[in-house]
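K.L.:
Following this message is one structure expressed as structure tokens.
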Amino acid sequence: MNQELSAAERYARSKQNRANPSLQSFIEQLDFGLDDFQDRACRAVAAGKSVLVAAPTGAGKTVVGEFGIHLALNSGLRVFYTTPIKALSNQKYAELVKRYGTHRVGLLTGDSNINGDADVVIMTTEVLRNMIYVNSSALTNLGFVIMDEVHYLADRFRGAVWEEVILHLPKDVKVISLSATVSNAEEFGAWLDEVRGDTEVIVSEHRPVPLSQHVLFGTELMPLFDGSKDSARVNTELVQQHANKLRQPINKPTRGRRGYPGLQNNNAAKIYRASKAEIVDILDEADLLPAIFFIFSRAGCEAAVKNVLAGGIRLTKPEDKQIIRRIAEEKCAAIADEDLSALGYFEWLNGLERGVAAHHAGMLPAFKEVVEELFLRKLVKVVFATETLALGINMPARSVVLDRLDKFNGESRVQITPGEYTQLTGRAGRRGIDVEGHSVIQWAANLDPNVVAGLASKRTYPLNSSFRPTYNMAVNLVDAFGRKRAREVLETSFAQFQADRSVVGLARGIKDRQEALSGYAKAMECHLGNFEQYAQIRRDISDLEKQLAQAGRGGRAKDIRQTKGRASLERNINELKRELRAHRCHQCPDREAHARWAERWHKLDREISAVLKQIDSRTNQVAKTFDRICDLLIELDYLAPDSEGDLEVTEAGSRLSKIYGERDLLVTECITRNIWQKLDAPSLAALVATLVYESRRDEEDLQPRLPRGEFAQVFAETEEIWDQLEEISARHKLLKTSAPDPSICLQISRWASGATLDSVLRGSDLLAGDFIRFTKQIIDLLEQIAQNSTSKLAETANEAIDKVKRGIVAYSYYA
């Protein structure tokens, strides 16, 4: 129960809840009382409203979603629970099956199809989006949709799906949106209220488990902030030590019960960075385990585990080892022995048995599930994870350690945002177990104490839409609503809602500027003539003189063209100067005063023009993009004018409507032109791999080997079609797409031809988890191709699915 409520307030709230039988019966099932924000949200749901609940990680937002399920079942309605990732869907499915039984709960993730007609179905957001577009009968009798981690709509790759669902769900369906704490929750809630109807916004910034923030300065654990409550002022002792240390050579003292050896002095003015083994030792001594270390690279996570094991760390008891081995063996029993060896199973198991593990997208899904279960059961005490763990998987720890405060974003190293910091440290503190959670930053010489304090003291971040129409979305919308109505729907997107609000802010300042512009124009008036014209001649002379100066910086003219160019500039300048002297305003005694006002007028006029251009670009921006896409699709015969002056979807457009993903148009064009017909099953799987895989920047210069046979020619034809589509897209002012990437096509071809996992992974940078993830995407796209192709290509696609979905891939696909 939230202790901030008075006894009278708690009594009044309890009385209100008793008056609502559904809410009261739900509360009686819980092992705890509702916090204030949970109570307010549940009462809003019980009153027939949609809600947006924004609260910190670990605050208990999902209780509101669970009440929605309880209310739906009591009302004889169906309820969908959507999540951004399959791991969250699987986790929620397991939780709800324990509560309601397998007969009432289903799971739809693309990989799994379990009891899809159940009263409660957990699914990824894409599955629900696809249901809406095909007008699935599953939407009948749907009462509630719970959108967990709804702030994921800011994701630039998949975020648009959340907006599509919110916009197109039947209006009588109530939406329960659960979000991390965002600084513009009211703005997001206002949009939800506009497009979904009566929506209550409930924001809580209260962490149920307070967060204590520390830095590891060398081998000393220090508070980040001073001792006063809620202070955002950095610890003065830390600031002083940081400054002093930068002026001294490194000198690492020996410390810790394991007696780590010190380092020799040198002249480098650095702050000593303890090894991962030392940090684990420090946290263990301070009773700050279990801990999650966030390291922004998969290789860094694996290296950290090796460092800790090499340091002799053992965090488990002898009896723990047997339980750990049993759980790992049960989860991995279906994996062939030869694959276990290729996956590094025995090294991984050794780390688990000592209480240490990694967790990242490059791991086999089964391995990640074992780590998650063992961590929750307090058998694994230290996990080195990439930031994907912060997304929402239920793995709270006593402490969170940040290896560094910057990360590589694909192009350069950038500082993490306050929002990312909030998400990561949100894992610290186990409700009902810890009195407080702890975050630890490993200090470094390049950190500015005040910048770090500013980052760590900001608890919220803005939610910005990433929504933009796609080719697939366009044909589905035209098919469902027609062009005009579809355009109107898109104009109600959160992206346009935010753009319109920004336009209001921009337009607000235009009026004042235009009034100032009129004043400047009056001040520069000259009784002798048009001073605006005179001022323009002066600017033209100035511009040409700058060009002449730049041309002269290269020294003597090296060729005739350069000499002619300078002569031309000098000629133009002289002509303008004669024109200037002949102008009537040149004789004005107040000429220079007028000129100063003229320059102010010119500068302000440019500013106003730039703002007006911004306003124009933001006004109806989503609908304008949709119009350009429709025009392109008309040109390519995916859409065609109908007899009523609207658009209709052609046969090719119908095929496009069922192809989802970044390459929707390219895939459809290739199917339509029959260029993949000559490929065998392994080559088709390899070709599809070029459409789902994207190299990291450090791989871009490598020349991948291609499968033999027809592949090279067909891949070249696919690239040619991509080129043609890029030219057409550029003509219609649409965004570019990246080229098909053949980096892993040989590995996929070999796998589909029967090669072992070990031989496929050997000699490549692919990690097992990445390989599994990409094969799942390949299978997904092959299934779309099989369902939307002529018989021969469909037959080859189905054969390719069978050849790819084998061994460890099949095990992971159905696990």
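So you can find residues: chains in the structure tokens are A, B, ... in the order shown, residues in each start at 1, and ligands are numbered from 1 in order.
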Any idea what's packed within 9 Å of Trp722 in chain A, counting only C-alpha atoms, ignoring anything in its chain fewer than 5 positions away? Could you give it as a count of residues only?
P.N.:
6
K.L.:
To test your reading of the structure, identify every residue in range 182-213 of chain A that backbone DSSP assigns to helix (DSSP H, G or I), and report it as a compact mmCIF listing (two decimals) with all heavy atoms, in the first residue's frame.
P.N.:
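New file states_4.txt:
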# COMPACT_ATOMS: atom_id res chain seq x y z
N ALA A 185 3.96 12.41 -21.18
CA ALA A 185 2.84 11.46 -21.07
C ALA A 185 1.50 12.15 -21.34
O ALA A 185 0.61 11.57 -21.95
CB ALA A 185 2.85 10.82 -19.68
N GLU A 186 1.38 13.41 -20.88
CA GLU A 186 0.12 14.13 -21.10
C GLU A 186 -0.13 14.34 -22.59
O GLU A 186 -1.27 14.25 -23.06
CB GLU A 186 0.13 15.47 -20.35
CG GLU A 186 -0.03 15.35 -18.84
CD GLU A 186 1.25 14.88 -18.15
OE1 GLU A 186 2.31 14.88 -18.81
OE2 GLU A 186 1.18 14.51 -16.97
N GLU A 187 0.93 14.66 -23.35
CA GLU A 187 0.78 14.85 -24.79
C GLU A 187 0.35 13.54 -25.45
O GLU A 187 -0.57 13.52 -26.27
CB GLU A 187 2.11 15.31 -25.39
CG GLU A 187 2.04 15.49 -26.91
CD GLU A 187 3.40 15.80 -27.54
OE1 GLU A 187 4.39 15.14 -27.15
OE2 GLU A 187 3.45 16.67 -28.41
N PHE A 188 1.01 12.44 -25.09
CA PHE A 188 0.65 11.14 -25.65
C PHE A 188 -0.78 10.76 -25.25
O PHE A 188 -1.56 10.27 -26.06
CB PHE A 188 1.65 10.08 -25.17
CG PHE A 188 1.42 8.72 -25.76
CD1 PHE A 188 1.27 8.54 -27.12
CD2 PHE A 188 1.38 7.59 -24.93
CE1 PHE A 188 1.07 7.28 -27.66
CE2 PHE A 188 1.18 6.33 -25.46
CZ PHE A 188 1.02 6.17 -26.83
N GLY A 189 -1.12 11.04 -23.99
CA GLY A 189 -2.47 10.75 -23.52
C GLY A 189 -3.52 11.58 -24.23
O GLY A 189 -4.62 11.10 -24.52
N ALA A 190 -3.18 12.83 -24.54
CA ALA A 190 -4.13 13.70 -25.27
C ALA A 190 -4.39 13.13 -26.66
O ALA A 190 -5.53 13.18 -27.16
CB ALA A 190 -3.57 15.11 -25.37
N TRP A 191 -3.35 12.60 -27.30
CA TRP A 191 -3.55 11.98 -28.62
C TRP A 191 -4.42 10.73 -28.49
O TRP A 191 -5.35 10.52 -29.28
CB TRP A 191 -2.20 11.62 -29.23
CG TRP A 191 -2.33 10.83 -30.50
CD1 TRP A 191 -2.80 11.28 -31.71
CD2 TRP A 191 -2.02 9.44 -30.70
NE1 TRP A 191 -2.79 10.26 -32.64
CE2 TRP A 191 -2.31 9.12 -32.05
CE3 TRP A 191 -1.51 8.45 -29.87
CZ2 TRP A 191 -2.11 7.85 -32.57
CZ3 TRP A 191 -1.30 7.18 -30.38
CH2 TRP A 191 -1.61 6.89 -31.72
N LEU A 192 -4.13 9.89 -27.49
CA LEU A 192 -4.95 8.68 -27.28
C LEU A 192 -6.41 9.06 -27.04
O LEU A 192 -7.32 8.40 -27.56
CB LEU A 192 -4.42 7.88 -26.07
CG LEU A 192 -3.11 7.13 -26.27
CD1 LEU A 192 -2.60 6.58 -24.93
CD2 LEU A 192 -3.28 5.99 -27.26
N ASP A 193 -6.63 10.11 -26.28
CA ASP A 193 -7.99 10.55 -26.01
C ASP A 193 -8.68 11.00 -27.30
O ASP A 193 -9.87 10.75 -27.50
CB ASP A 193 -7.96 11.71 -25.01
CG ASP A 193 -9.33 12.07 -24.49
OD1 ASP A 193 -9.88 11.30 -23.68
OD2 ASP A 193 -9.87 13.10 -24.92
N GLU A 194 -7.90 11.60 -28.19
CA GLU A 194 -8.46 12.09 -29.45
C GLU A 194 -8.82 10.95 -30.40
O GLU A 194 -9.86 10.99 -31.06
CB GLU A 194 -7.45 13.04 -30.12
CG GLU A 194 -7.98 13.77 -31.33
CD GLU A 194 -7.01 14.83 -31.82
OE1 GLU A 194 -6.82 15.83 -31.11
OE2 GLU A 194 -6.45 14.65 -32.91
N VAL A 195 -7.96 9.92 -30.46
CA VAL A 195 -8.20 8.86 -31.45
C VAL A 195 -8.94 7.65 -30.87
O VAL A 195 -9.55 6.89 -31.63
CB VAL A 195 -6.87 8.39 -32.11
CG1 VAL A 195 -6.24 9.52 -32.88
CG2 VAL A 195 -5.91 7.80 -31.10
N ARG A 196 -8.91 7.46 -29.54
CA ARG A 196 -9.57 6.29 -28.94
C ARG A 196 -10.79 6.66 -28.11
O ARG A 196 -11.51 5.78 -27.65
CB ARG A 196 -8.59 5.52 -28.03
CG ARG A 196 -7.37 4.94 -28.69
CD ARG A 196 -7.65 3.89 -29.71
NE ARG A 196 -8.70 2.96 -29.36
CZ ARG A 196 -9.27 2.13 -30.23
NH1 ARG A 196 -8.91 2.17 -31.51
NH2 ARG A 196 -10.21 1.30 -29.86
K.L.:
Skipping near chain neighbours, those fewer than 5 positions away, what residues fall within 12 Å of Val451 in chain A using only C-alpha atoms, listed as a list in words?
P.N.:
Leu224, Ala232, Arg233, Val234, Val239, Leu405, Gln415, Ile416, Thr417, Pro418, Asn446, Ala456, Ser457 and Lys458 of chain A
K.L.:
Put those residues in a file: C-alpha atoms, as a PDB file, in the first residue's frame.
P.N.:
ATOM      1  CA  LEU A 224      27.363   9.984  -6.768  1.00  0.00           C
ATOM      2  CA  ALA A 232      21.034  16.422  -7.646  1.00  0.00           C
ATOM      3  CA  ARG A 233      24.365  17.951  -6.624  1.00  0.00           C
ATOM      4  CA  VAL A 234      27.352  15.779  -7.337  1.00  0.00           C
ATOM      5  CA  VAL A 239      34.720  16.007  -7.765  1.00  0.00           C
ATOM      6  CA  LEU A 405      28.078   5.955 -20.197  1.00  0.00           C
ATOM      7  CA  GLN A 415      26.493   9.380 -24.672  1.00  0.00           C
ATOM      8  CA  ILE A 416      23.497   7.418 -23.458  1.00  0.00           C
ATOM      9  CA  THR A 417      20.391   9.529 -22.937  1.00  0.00           C
ATOM     10  CA  PRO A 418      18.681  10.238 -19.594  1.00  0.00           C
ATOM     11  CA  ASN A 446      36.940  11.209 -19.428  1.00  0.00           C
ATOM     12  CA  ALA A 456      21.535  10.513 -13.573  1.00  0.00           C
ATOM     13  CA  SER A 457      19.201  13.082 -11.999  1.00  0.00           C
ATOM     14  CA  LYS A 458      16.834  13.326 -14.985  1.00  0.00           C
TER      15      LYS A 458
END
K.L.:
Using only C-alpha atoms, which protein or nucleic acid residues come within 10 Å of Gln784 in chain A? Drop anything in the same chain fewer than 2 positions from it, and give the result as a ChimeraX atom specification.
P.N.:
/A:655,658-660,667,778-782,786-789,794,797
K.L.:
Given the selection you just returned, output its residues as a file containing N, CA, C and O atoms, formatted as an mmCIF file, in the first residue's frame.
P.N.:
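As a result, selection34.cif now contains:
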data_model
loop_
_atom_site.group_PDB
_atom_site.id
_atom_site.type_symbol
_atom_site.label_atom_id
_atom_site.label_comp_id
_atom_site.auth_asym_id
_atom_site.auth_seq_id
_atom_site.Cartn_x
_atom_site.Cartn_y
_atom_site.Cartn_z
ATOM 1 N N ARG A 655 -1.060 -8.682 -53.527
ATOM 2 C CA ARG A 655 0.111 -9.455 -53.087
ATOM 3 C C ARG A 655 0.963 -8.616 -52.135
ATOM 4 O O ARG A 655 1.414 -9.090 -51.099
ATOM 5 N N LYS A 658 0.173 -8.386 -48.389
ATOM 6 C CA LYS A 658 0.462 -9.536 -47.520
ATOM 7 C C LYS A 658 1.959 -9.744 -47.313
ATOM 8 O O LYS A 658 2.381 -10.764 -46.751
ATOM 9 N N ILE A 659 2.778 -8.800 -47.794
ATOM 10 C CA ILE A 659 4.226 -8.866 -47.599
ATOM 11 C C ILE A 659 4.622 -7.771 -46.614
ATOM 12 O O ILE A 659 4.469 -6.587 -46.900
ATOM 13 N N TYR A 660 5.113 -8.175 -45.445
ATOM 14 C CA TYR A 660 5.444 -7.217 -44.390
ATOM 15 C C TYR A 660 6.957 -7.113 -44.221
ATOM 16 O O TYR A 660 7.685 -8.080 -44.409
ATOM 17 N N VAL A 667 10.410 -7.236 -52.517
ATOM 18 C CA VAL A 667 10.006 -8.648 -52.538
ATOM 19 C C VAL A 667 8.846 -8.846 -53.514
ATOM 20 O O VAL A 667 8.856 -9.773 -54.338
ATOM 21 N N ILE A 778 14.228 -15.300 -41.899
ATOM 22 C CA ILE A 778 14.242 -15.901 -43.244
ATOM 23 C C ILE A 778 13.029 -16.799 -43.426
ATOM 24 O O ILE A 778 12.340 -16.747 -44.454
ATOM 25 N N ILE A 779 12.749 -17.626 -42.423
ATOM 26 C CA ILE A 779 11.586 -18.521 -42.488
ATOM 27 C C ILE A 779 10.298 -17.706 -42.605
ATOM 28 O O ILE A 779 9.403 -18.036 -43.396
ATOM 29 N N ASP A 780 10.212 -16.625 -41.830
ATOM 30 C CA ASP A 780 9.013 -15.780 -41.863
ATOM 31 C C ASP A 780 8.781 -15.209 -43.260
ATOM 32 O O ASP A 780 7.661 -15.237 -43.787
ATOM 33 N N LEU A 781 9.850 -14.706 -43.892
ATOM 34 C CA LEU A 781 9.708 -14.139 -45.230
ATOM 35 C C LEU A 781 9.458 -15.234 -46.267
ATOM 36 O O LEU A 781 8.673 -15.044 -47.200
ATOM 37 N N LEU A 782 10.073 -16.388 -46.094
ATOM 38 C CA LEU A 782 9.809 -17.513 -47.010
ATOM 39 C C LEU A 782 8.337 -17.928 -46.949
ATOM 40 O O LEU A 782 7.733 -18.260 -47.971
ATOM 41 N N ALA A 786 5.804 -18.022 -50.001
ATOM 42 C CA ALA A 786 5.072 -19.244 -50.345
ATOM 43 C C ALA A 786 3.577 -18.987 -50.479
ATOM 44 O O ALA A 786 2.900 -19.561 -51.335
ATOM 45 N N GLN A 787 3.051 -18.110 -49.633
ATOM 46 C CA GLN A 787 1.608 -17.845 -49.633
ATOM 47 C C GLN A 787 1.177 -16.865 -50.719
ATOM 48 O O GLN A 787 -0.017 -16.719 -50.982
ATOM 49 N N ASN A 788 2.145 -16.195 -51.365
ATOM 50 C CA ASN A 788 1.793 -15.144 -52.318
ATOM 51 C C ASN A 788 2.497 -15.300 -53.662
ATOM 52 O O ASN A 788 2.758 -14.317 -54.347
ATOM 53 N N SER A 789 2.788 -16.553 -54.038
ATOM 54 C CA SER A 789 3.529 -16.803 -55.274
ATOM 55 C C SER A 789 2.829 -17.843 -56.134
ATOM 56 O O SER A 789 1.917 -18.541 -55.682
ATOM 57 N N ALA A 794 6.270 -21.049 -54.924
ATOM 58 C CA ALA A 794 5.679 -21.426 -53.634
ATOM 59 C C ALA A 794 6.221 -22.778 -53.180
ATOM 60 O O ALA A 794 6.544 -22.971 -52.007
ATOM 61 N N ALA A 797 9.779 -22.298 -52.040
ATOM 62 C CA ALA A 797 9.804 -21.595 -50.756
ATOM 63 C C ALA A 797 9.461 -22.538 -49.612
ATOM 64 O O ALA A 797 10.115 -22.522 -48.559
#
K.L.:
List as JSON, numbers by chain the protein and nucleic acid residues near Tyr152 in chain A, meaning an atom at most 10 Å away when only C-alpha atoms are counted, but skip any in the same chain fewer than 2 places from it.
P.N.:
{"A": [83, 84, 147, 148, 149, 150, 154, 155, 156, 158, 159, 160, 161, 162, 179, 180, 391, 463, 464, 465, 466]}
K.L.:
May I have the residues within 9 Å of Glu220 in chain A as number ranges by chain, using only C-alpha atoms and disregarding those fewer than 4 positions away in the same chain?
P.N.:
A: 215-216, 282
K.L.:
What's the 7 Å shell around Ser204 in chain A, counting only C-alpha atoms, without same-chain residues fewer than 5 positions away, as a list in words?
P.N.:
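Surrounding residues, per the criterion: Phe37, Ala54 and Ala55 of chain A.
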K.L.:
Could you save those same residues with N, CA, C and O atoms as a short mmCIF file (atom, residue, chain, number, x, y, z; two decimals), in the first residue's frame?
P.N.:
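Saved file again_14.cif follows:
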data_model
loop_
_atom_site.label_atom_id
_atom_site.label_comp_id
_atom_site.auth_asym_id
_atom_site.auth_seq_id
_atom_site.Cartn_x
_atom_site.Cartn_y
_atom_site.Cartn_z
N PHE A 37 -1.35 4.88 -7.73
CA PHE A 37 -1.50 4.99 -9.19
C PHE A 37 -2.17 3.74 -9.76
O PHE A 37 -2.96 3.83 -10.70
N ALA A 54 1.89 5.62 -16.98
CA ALA A 54 3.33 5.85 -17.14
C ALA A 54 3.96 5.82 -15.76
O ALA A 54 3.63 6.65 -14.90
N ALA A 55 4.84 4.86 -15.53
CA ALA A 55 5.44 4.70 -14.21
C ALA A 55 6.82 4.05 -14.38
O ALA A 55 7.09 3.41 -15.40
#
K.L.:
I'd like the interatomic distance between CA of Arg708 in chain A and CA of Ala800 in chain A, to a tenth of an Å.
P.N.:
16.4 Å
K.L.:
In Å to one decimal, how far is CA of Ile785 in chain A from CA of Glu720 in chain A?
P.N.:
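Going from CA of Glu720 in chain A over to CA of Ile785 in chain A covers 19.7 Å.
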K.L.:
List every residue of range 533-745 of chain A that DSSP, applied to the backbone of this structure, assigns to strand (DSSP E or B), and report them as a list of chain:residue names.
P.N.:
A:Leu639, A:Ala640, A:Pro641, A:Leu647, A:Glu648, A:Val649
K.L.:
Kindly export the residues of the current selection with C-alpha atoms, as a short mmCIF file (atom, residue, chain, number, x, y, z; two decimals), in the first residue's frame.
P.N.:
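Heads up, here's the output in result-v2.cif:
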data_model
loop_
_atom_site.label_atom_id
_atom_site.label_comp_id
_atom_site.auth_asym_id
_atom_site.auth_seq_id
_atom_site.Cartn_x
_atom_site.Cartn_y
_atom_site.Cartn_z
CA LEU A 639 -3.00 0.82 -57.21
CA ALA A 640 -5.31 2.02 -59.97
CA PRO A 641 -8.06 4.68 -60.29
CA LEU A 647 -8.22 4.13 -55.87
CA GLU A 648 -8.51 0.36 -55.88
CA VAL A 649 -5.93 -2.33 -55.15
#
K.L.:
With distances taken over only C-alpha atoms, which of A:Ala755, A:Thr109, A:Gln213, A:Thr422 is nearest to Gly58 in chain A?
P.N.:
A:Thr422
